[in-house]
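Q: What follows is input.csv, made up of CSV, C-alpha atoms:
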```csv
chain,number,residue,atom,x,y,z
A,1,MET,CA,-8.7,-75.3,-9.6
A,2,ALA,CA,-6.1,-73.2,-7.8
A,3,ALA,CA,-6.6,-70.4,-10.4
A,4,LEU,CA,-10.3,-70.4,-9.8
A,5,ALA,CA,-9.8,-70.2,-6.0
A,6,ARG,CA,-7.4,-67.4,-6.5
A,7,MET,CA,-9.7,-65.5,-8.8
A,8,LEU,CA,-12.6,-65.9,-6.4
A,9,PHE,CA,-10.5,-64.7,-3.4
A,10,ILE,CA,-9.2,-61.7,-5.3
A,11,GLY,CA,-12.7,-60.9,-6.7
A,12,PHE,CA,-14.2,-61.1,-3.2
A,13,ILE,CA,-11.6,-58.7,-1.8
A,14,VAL,CA,-12.2,-56.2,-4.7
A,15,LEU,CA,-16.0,-56.4,-4.4
A,16,THR,CA,-15.7,-55.9,-0.6
A,17,ILE,CA,-13.7,-52.8,-1.1
A,18,ILE,CA,-16.2,-51.5,-3.6
A,19,TYR,CA,-19.1,-52.4,-1.3
A,20,VAL,CA,-17.5,-50.5,1.7
A,21,CYS,CA,-16.8,-47.4,-0.5
A,22,LEU,CA,-20.4,-47.4,-1.9
A,23,SER,CA,-21.8,-47.9,1.6
A,24,PHE,CA,-19.8,-44.9,3.1
A,25,TYR,CA,-20.6,-42.7,0.1
A,26,SER,CA,-24.4,-43.5,0.3
A,27,ARG,CA,-24.4,-42.9,4.0
A,28,SER,CA,-22.6,-39.6,3.6
A,29,VAL,CA,-25.1,-38.5,0.9
A,30,ARG,CA,-28.0,-39.4,3.1
A,31,ARG,CA,-26.4,-37.5,6.1
A,32,GLY,CA,-26.0,-34.4,3.9
A,33,LYS,CA,-29.7,-34.6,2.8
A,34,LEU,CA,-30.8,-34.9,6.4
A,35,GLU,CA,-28.7,-32.0,7.5
A,36,ALA,CA,-30.0,-29.9,4.6
A,37,GLU,CA,-33.6,-30.9,5.5
A,38,TRP,CA,-33.1,-29.9,9.1
A,39,ASP,CA,-31.4,-26.6,8.1
A,40,GLU,CA,-34.3,-25.7,5.8
A,41,ALA,CA,-37.1,-26.5,8.2
A,42,ARG,CA,-35.3,-25.9,11.5
A,43,GLY,CA,-37.0,-29.0,12.7
A,44,PRO,CA,-37.8,-29.8,16.3
A,45,GLY,CA,-35.0,-30.8,18.6
A,46,ASP,CA,-31.3,-30.5,17.9
A,47,ARG,CA,-29.6,-31.2,14.6
A,48,GLU,CA,-27.6,-34.2,15.7
A,49,SER,CA,-30.5,-36.1,17.1
A,50,PHE,CA,-32.5,-35.5,13.9
A,51,VAL,CA,-29.7,-36.8,11.7
A,52,ARG,CA,-29.1,-39.8,14.0
A,53,ALA,CA,-32.7,-40.8,13.9
A,54,GLY,CA,-32.7,-40.4,10.1
A,55,LEU,CA,-29.6,-42.5,9.7
A,56,GLN,CA,-31.2,-45.2,11.9
A,57,ASP,CA,-34.1,-45.3,9.5
A,58,TYR,CA,-31.7,-45.4,6.6
A,59,ASP,CA,-29.9,-48.5,8.1
A,60,GLY,CA,-33.1,-50.5,7.6
A,61,SER,CA,-34.0,-49.1,4.2
A,62,LEU,CA,-34.2,-50.9,0.9
A,63,ARG,CA,-31.4,-48.7,-0.6
A,64,ARG,CA,-29.0,-50.1,1.9
A,65,LYS,CA,-29.9,-53.6,1.0
A,66,LEU,CA,-29.6,-52.9,-2.8
A,67,ILE,CA,-25.9,-52.0,-2.3
A,68,LEU,CA,-25.4,-55.7,-1.7
A,69,GLY,CA,-26.0,-56.1,-5.5
A,70,VAL,CA,-22.3,-55.3,-5.7
A,71,TYR,CA,-21.7,-59.0,-4.8
A,72,VAL,CA,-24.6,-60.5,-6.7
A,73,ILE,CA,-24.4,-58.9,-10.2
A,74,PRO,CA,-20.7,-59.5,-10.9
A,75,SER,CA,-20.9,-63.1,-9.5
A,76,ILE,CA,-23.8,-63.9,-11.8
A,77,ALA,CA,-22.0,-62.3,-14.8
A,78,ILE,CA,-18.9,-64.3,-14.2
A,79,ALA,CA,-20.8,-67.5,-13.7
A,80,LEU,CA,-22.7,-66.9,-17.0
A,81,LEU,CA,-19.5,-66.1,-18.8
A,82,ILE,CA,-17.8,-69.3,-17.6
A,83,TYR,CA,-20.8,-71.3,-18.5
A,84,PHE,CA,-21.2,-70.0,-22.0
A,85,THR,CA,-17.5,-70.2,-22.7
A,86,ASN,CA,-17.2,-73.8,-21.6
A,87,PHE,CA,-20.6,-75.4,-22.4
A,88,ALA,CA,-22.3,-73.4,-25.1
```
Would you write out, as structure tokens, the structure that this file holds?
A:
Amino acid sequence: MAALARMLFIGFIVLTIIYVCLSFYSRSVRRGKLEAEWDEARGPGDRESFVRAGLQDYDGSLRRKLILGVYVIPSIAIALLIYFTNFA
């Protein structure tokens, strides 16, 4: 039981690091696209307010929520592996 708890704890830490890295990467890619869009169109207002508004829209987007799959998919895979190894 202690080995399972240790594996879950280490797995959670690793998945959290991966989630944070993916989240920062995705946000920086979105920021780059917004900056390029403003540079191309020379949109209304200043660049920072345009990017800030776009990032606020991004914070509520589906893509941001899909990154949480970093926790779900490996957890399901490990649970299935344990189940099939022990009970199938």
Q: If I take CA of Ala3 in chain A and CA of Cys21 in chain A, how far is one from the other in Å, to one decimal?
A: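 Between CA of Ala3 in chain A and CA of Cys21 in chain A the gap works out to 27.0 Å.
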Q: Quote the spacing between CA of Arg63 in chain A and CA of Ser75 in chain A in Å to one decimal place.
A: 19.9 Å
Q: One number please: CA of Leu34 in chain A to CA of Val51 in chain A, in Å, one decimal.
A: 5.7 Å
Q: Show me the residues around (-15.7, -64.7, -13.7) - criterion: an atom at most 12 Å away, all atoms listed in the file counted - as JSON, numbers by chain.
A: {"A": [3, 4, 5, 6, 7, 8, 9, 10, 11, 12, 73, 74, 75, 76, 77, 78, 79, 80, 81, 82, 83, 84, 85]}
Q: List as a count of residues only the residues having at least one atom at most 12 Å from position (-33.5, -39.0, 9.5) as given in the file, counting only C-alpha atoms.
A: 26
Q: Please identify all polymer residues within 12 Å of Ile18 in chain A, counting only C-alpha atoms, omitting same-chain residues fewer than 3 positions from it, and present them as a VMD selection string.
A: chain A and resid 11 to 15 21 to 25 67 to 71 74
